[in-house]
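Inspection log for the structure reproduced underneath, given as structure tokens.
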Amino acid sequence: MKTFLILGAGTGGTMMANKLSKRLDRQEWKIVLVDRDETHYYQPGFLFLPFEYYAPEKVYQPKRKFVPSGVEFILSDIELIEPDANKVTLTKDKQVIHYDQLLLATGTDIHPEEIEGMNEGGWRKNIFDFYTFEGAMALRGFLKNFNGGRVVLNIAEMPIKCPVAPLEFMYLADYYFKQRGIRNKVDLVFTTPLSGAFTKPVSAKLLGDVMTKKGIHTEADFAVSGVDSGKNTISSYDGREIKYDLLVTIPTNMGAEVIGRSGMGDDLNFVPTNKFTLQSDKHQNVWVIGDATNIPASKAGSVVHYSAETLIENVISAVEGKELEAKFDGHSTCHIVSGNNKSLLIDFSYETEPLPGLYPFPVVGPFPLLKESTFNYLGKLAFKWVYWNIMLKGIPFPLPPEYSIAGKQRVA
Amino acid sequence: MSVLDSVKFDADGYLEDPKVWTKEIAEAIAKREGVTLTERSWVVINYSRKEFETKGEAPTLRAITKNTDVDTKELYSLFPGGPGKLAAKVSGLHKPTGCI
């Protein structure tokens, strides 16, 4: 019996476990799925928790519920991966698993300790993240009692999971404080290491004034050097110092520590991966999906979903001794919630930046692209159901995974 | 005639095609941007070019400071203002962008 080992039962690992259990010959293959945590979080929901759009219990479910029958699920941390010996040692009982094929779906986490002073005195007092359930809930508690002052959001460095979430946070904050009637008592400041809120030419052209219109100040090229939680200031390497009453941070994102420990990662513990085949650059029987990879696509659920279609074909080809023919094109589709019950939809790939136009969607579609609409927002809200009931279970979607230019307009 | 006349730049002054880059072009871009290149600047430029050749994009500030002996403070003195952008520009690479 051969072993297909999957490390990580998040979006990518769960989806692939479901696909593999349908496609691999179960007389020949045993599938093992390992994760250190019992709870599966609907991560797009974290954005909404601070503003009380969702009850907390709407964003999590037990991981086991999504593990297909016949797949062995082991709850344990991972001590070491030894790809040259085709083996993995788990923390629990020091269990050793010898594998024939390995899928790394170990995701990414936030690392506030990478920024000087970030996780010291002010951490979870007036400094919060919203990329973890605990962070988003703590921020929810803080916002309830916040009656005015300066809210500063900082992106520490790229890449980050869901690169549009910081923008969405600012838009929702603007809307939230308006609803509470205290918008005039709140300063909103967006600090980014990039050259602006929008860096792609078409987005910059079409959306460039959104921040100003909403009264959000952008501090661009802000490379954070540290936080002083005694003085409540955040500083940049070029000498800028900004005072905050509330600091919302998107700390450095890094891949799993076991990736670093096992010598399989880059500077940020992301695994060097072929961006077309999703095979590890170094080992032919190691595959990588989602946030764990270093591919130049967004770290987002839609990328996991689209790339899983490529990955399953390539894995099946590999175990059958055939050439890898499927190629991932970097396709990504993201909602950008913009407040006032509206959102924008963007669709892009390795080669093509987000463009305006219409996104064809069977039955309910089409959705307007790169443009605010209430209809898009309804689509975003409906997505939670789709995630739990269709995506995680690896059920094919009535949408082709490849990026398509159909419906889009080229902008000069 | 400057060596820069023979190559194309985008609206922000970044070299359109990173592959046509030469050391002479780097010197000329640096001059245009008002930066003097030292031996230490070349540590950063050579590393950036090497990264581009293997990965196809400019390295992040973190990668530069982790994989060379140039720390963040020195990086700012070598490429004042925004070292990420300026080092990329002189190295003939594209500026870092987000997805939107």
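Residues in the structure tokens are named by chain (A, B, ... in the order shown) and by number from 1 within that chain; ligands are numbered from 1 in the order shown.
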Write down, as an mmCIF file with all heavy atoms, in the first residue's frame, each residue of chain B that has any atom within 7 Å of an atom of chain A, counting only C-alpha atoms.
data_model
loop_
_atom_site.group_PDB
_atom_site.id
_atom_site.type_symbol
_atom_site.label_atom_id
_atom_site.label_comp_id
_atom_site.auth_asym_id
_atom_site.auth_seq_id
_atom_site.Cartn_x
_atom_site.Cartn_y
_atom_site.Cartn_z
ATOM 1 N N ALA B 63 14.680 40.149 2.243
ATOM 2 C CA ALA B 63 15.594 39.216 1.587
ATOM 3 C C ALA B 63 16.974 39.857 1.436
ATOM 4 O O ALA B 63 17.995 39.211 1.655
ATOM 5 C CB ALA B 63 15.035 38.796 0.239
ATOM 6 N N GLY B 81 15.575 57.415 0.887
ATOM 7 C CA GLY B 81 14.149 57.530 0.563
ATOM 8 C C GLY B 81 13.500 56.179 0.619
ATOM 9 O O GLY B 81 13.110 55.702 1.669
ATOM 10 N N GLY B 82 13.394 55.540 -0.500
ATOM 11 C CA GLY B 82 12.778 54.213 -0.524
ATOM 12 C C GLY B 82 13.720 53.209 -1.137
ATOM 13 O O GLY B 82 13.784 53.049 -2.341
ATOM 14 N N PRO B 96 8.092 46.839 -6.750
ATOM 15 C CA PRO B 96 7.171 45.874 -6.147
ATOM 16 C C PRO B 96 5.731 46.403 -6.201
ATOM 17 O O PRO B 96 5.506 47.579 -5.940
ATOM 18 C CB PRO B 96 7.643 45.777 -4.692
ATOM 19 C CG PRO B 96 8.811 46.688 -4.540
ATOM 20 C CD PRO B 96 8.977 47.483 -5.773
ATOM 21 N N THR B 97 4.781 45.534 -6.562
ATOM 22 C CA THR B 97 3.377 45.950 -6.602
ATOM 23 C C THR B 97 2.522 44.971 -5.811
ATOM 24 O O THR B 97 2.944 43.871 -5.508
ATOM 25 C CB THR B 97 2.832 45.981 -8.045
ATOM 26 O OG1 THR B 97 3.019 44.684 -8.619
ATOM 27 C CG2 THR B 97 3.511 47.022 -8.895
ATOM 28 N N GLY B 98 1.302 45.397 -5.504
ATOM 29 C CA GLY B 98 0.332 44.498 -4.891
ATOM 30 C C GLY B 98 -0.484 43.856 -5.998
ATOM 31 O O GLY B 98 -0.133 43.957 -7.172
ATOM 32 N N CYS B 99 -1.606 43.212 -5.623
ATOM 33 C CA CYS B 99 -2.382 42.513 -6.650
ATOM 34 C C CYS B 99 -3.364 43.453 -7.335
ATOM 35 O O CYS B 99 -3.924 43.145 -8.367
ATOM 36 C CB CYS B 99 -3.102 41.313 -6.061
ATOM 37 S SG CYS B 99 -4.435 41.743 -4.951
ATOM 38 N N ILE B 100 -3.607 44.624 -6.741
ATOM 39 C CA ILE B 100 -4.595 45.556 -7.300
ATOM 40 C C ILE B 100 -3.979 46.946 -7.431
ATOM 41 O O ILE B 100 -3.089 47.292 -6.662
ATOM 42 C CB ILE B 100 -5.875 45.559 -6.440
ATOM 43 C CG1 ILE B 100 -6.932 46.481 -7.024
ATOM 44 C CG2 ILE B 100 -5.590 45.908 -4.997
ATOM 45 C CD1 ILE B 100 -8.304 46.325 -6.420
#
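Checking B:Leu78, B:Ala58, B:Ala88, B:Val3 one by one against Arg40 of chain B, counting only C-alpha atoms, you find the shortest gap at B:Leu78.
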- Message: Neighbouring residues of Gly141 of chain A were defined as those with any atom within 12 Å, considering only C-alpha atoms; residues of the same chain fewer than 3 positions away were excluded. Please report them as a ChimeraX atom specification.
- Response: /A:49-52,124-126,128,134-138,144-146
With C-alpha atoms retained, export the selected residues as a PDB file, in the first residue's frame.
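New file selection15.pdb:
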ATOM      1  CA  LEU A  49     -15.915  39.976  13.176  1.00  0.00           C
ATOM      2  CA  PRO A  50     -14.544  43.297  14.512  1.00  0.00           C
ATOM      3  CA  PHE A  51     -17.556  45.147  13.080  1.00  0.00           C
ATOM      4  CA  GLU A  52     -20.066  42.593  14.432  1.00  0.00           C
ATOM      5  CA  ARG A 124      -4.163  43.228  22.260  1.00  0.00           C
ATOM      6  CA  LYS A 125      -4.664  46.369  24.387  1.00  0.00           C
ATOM      7  CA  ASN A 126      -4.675  48.995  21.630  1.00  0.00           C
ATOM      8  CA  PHE A 128      -4.612  44.252  17.224  1.00  0.00           C
ATOM      9  CA  GLU A 134      -8.497  35.671  18.633  1.00  0.00           C
ATOM     10  CA  GLY A 135      -7.183  38.947  17.174  1.00  0.00           C
ATOM     11  CA  ALA A 136     -10.425  39.739  15.351  1.00  0.00           C
ATOM     12  CA  MET A 137     -12.495  39.009  18.471  1.00  0.00           C
ATOM     13  CA  ALA A 138     -10.216  41.092  20.717  1.00  0.00           C
ATOM     14  CA  LYS A 144     -17.276  48.575  21.112  1.00  0.00           C
ATOM     15  CA  ASN A 145     -15.781  51.007  23.605  1.00  0.00           C
ATOM     16  CA  PHE A 146     -13.845  53.180  21.143  1.00  0.00           C
TER      17      PHE A 146
END
- Mind checking which residues fall within 12 Å of Thr22 of chain B, counting only C-alpha atoms, ignoring those fewer than 4 positions away in the same chain, and posting them as a ChimeraX atom specification? /B:3-4,6-7,15,17-18,26-29,45-46,49,90-93
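Backbone DSSP of segment 197-266 of chain A yields strand (DSSP E or B) at Ile216, His217, Thr218, Glu219, Val224, Ser225, Gly226, Val227, Asp228, Thr233, Ile234, Ser235, Ser236, Glu241, Ile242, Lys243, Leu246, Leu247, Val248, Thr249, Ile250, Thr252, Asn253, Met254 and Gly255 of chain A.
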- Ser307 of chain A surroundings by only C-alpha atoms, 9 Å radius, close-in-sequence under 2 positions cut, as a list in words: Leu278, Ile289, Gly290, Ser302, Val303, Val304, His305, Glu309, Thr310, Leu311, Ile312, Lys327, Phe328, Asp329, Gly330, His331 and Pro401 of chain A
- Please run DSSP on the backbone and report, as a VMD selection string, all residues within chain B that come out as helix (DSSP H, G or I). chain B and resid 3 to 6 18 to 20 23 to 32 39 to 55 61 to 67 72 to 78 83 to 90
- Task: Figure out the distance between atom CA of Pro112 of chain A and atom CA of Asn253 of chain A, please, to one decimal in Å.
- Result: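 Between atom CA of Asn253 of chain A and atom CA of Pro112 of chain A the gap is 8.8 Å.
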- Task: Please measure the separation of atom CA of Ala11 of chain B and atom CA of Lys275 of chain A, giving the value in Å to one decimal.
- Result: 28.8 Å
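Using only C-alpha atoms, the protein and nucleic acid residues lying no more than 10 Å from Ile64 of chain B, apart from those fewer than 4 places from it along its own chain, are Asp267 of chain A; Val43, Val44, Ile45, Tyr47, Ser48, Glu51, Ala58, Pro59, Thr60, Thr68, Asp69, Val70, Asp71, Thr72, Leu75 and Gly84 of chain B.
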- Using atom CA of Phe270 of chain A and atom CA of Ala9 of chain A as the two end points, give the distance in Å to one decimal.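 According to the coordinates, atom CA of Phe270 of chain A and atom CA of Ala9 of chain A are separated by 17.1 Å.
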- Message: Can you tell me which residues surround Leu399 of chain A at a distance of at most 12 Å, considering only C-alpha atoms, apart from same-chain residues fewer than 6 positions away, and format the answer as number ranges by chain?
- Response: A: 302, 305-306, 309, 333, 359-363, 365, 391
Those residues you just picked out, can you put them in a file as a CSV table (one decimal), in the first residue's frame with N, CA, C and O atoms?
chain,number,residue,atom,x,y,z
A,302,SER,N,-9.5,31.7,-3.3
A,302,SER,CA,-9.8,31.5,-4.7
A,302,SER,C,-8.6,30.9,-5.5
A,302,SER,O,-8.8,30.0,-6.3
A,305,HIS,N,-8.5,27.3,-4.6
A,305,HIS,CA,-9.6,26.6,-5.4
A,305,HIS,C,-9.2,26.3,-6.8
A,305,HIS,O,-9.3,25.2,-7.3
A,306,TYR,N,-8.8,27.4,-7.5
A,306,TYR,CA,-8.4,27.3,-8.9
A,306,TYR,C,-7.2,26.4,-9.1
A,306,TYR,O,-7.1,25.5,-10.0
A,309,GLU,N,-7.4,22.5,-9.1
A,309,GLU,CA,-7.8,21.8,-10.3
A,309,GLU,C,-6.6,21.4,-11.1
A,309,GLU,O,-6.5,20.3,-11.7
A,333,THR,N,-9.7,35.4,-8.0
A,333,THR,CA,-10.9,36.2,-8.0
A,333,THR,C,-11.1,36.7,-6.5
A,333,THR,O,-11.1,35.8,-5.6
A,359,TYR,N,-18.1,39.8,-15.0
A,359,TYR,CA,-17.6,38.4,-14.8
A,359,TYR,C,-18.7,37.5,-15.0
A,359,TYR,O,-19.7,37.5,-14.2
A,360,PRO,N,-18.6,36.6,-16.0
A,360,PRO,CA,-19.8,35.7,-16.2
A,360,PRO,C,-19.9,34.7,-15.1
A,360,PRO,O,-19.0,34.2,-14.6
A,361,PHE,N,-21.1,34.5,-14.6
A,361,PHE,CA,-21.4,33.6,-13.5
A,361,PHE,C,-22.7,32.9,-13.8
A,361,PHE,O,-23.7,33.5,-14.0
A,362,PRO,N,-22.6,31.5,-13.9
A,362,PRO,CA,-23.8,30.8,-14.3
A,362,PRO,C,-25.0,31.1,-13.4
A,362,PRO,O,-24.8,31.2,-12.2
A,363,VAL,N,-26.2,31.1,-13.9
A,363,VAL,CA,-27.5,31.3,-13.2
A,363,VAL,C,-27.7,32.7,-12.6
A,363,VAL,O,-28.5,33.4,-13.1
A,365,GLY,N,-25.3,35.3,-12.4
A,365,GLY,CA,-24.4,36.3,-12.9
A,365,GLY,C,-25.0,37.2,-13.9
A,365,GLY,O,-26.2,37.2,-14.0
A,391,MET,N,-17.0,24.2,-1.8
A,391,MET,CA,-15.5,24.4,-2.0
A,391,MET,C,-14.7,23.4,-1.2
A,391,MET,O,-13.9,22.6,-1.8
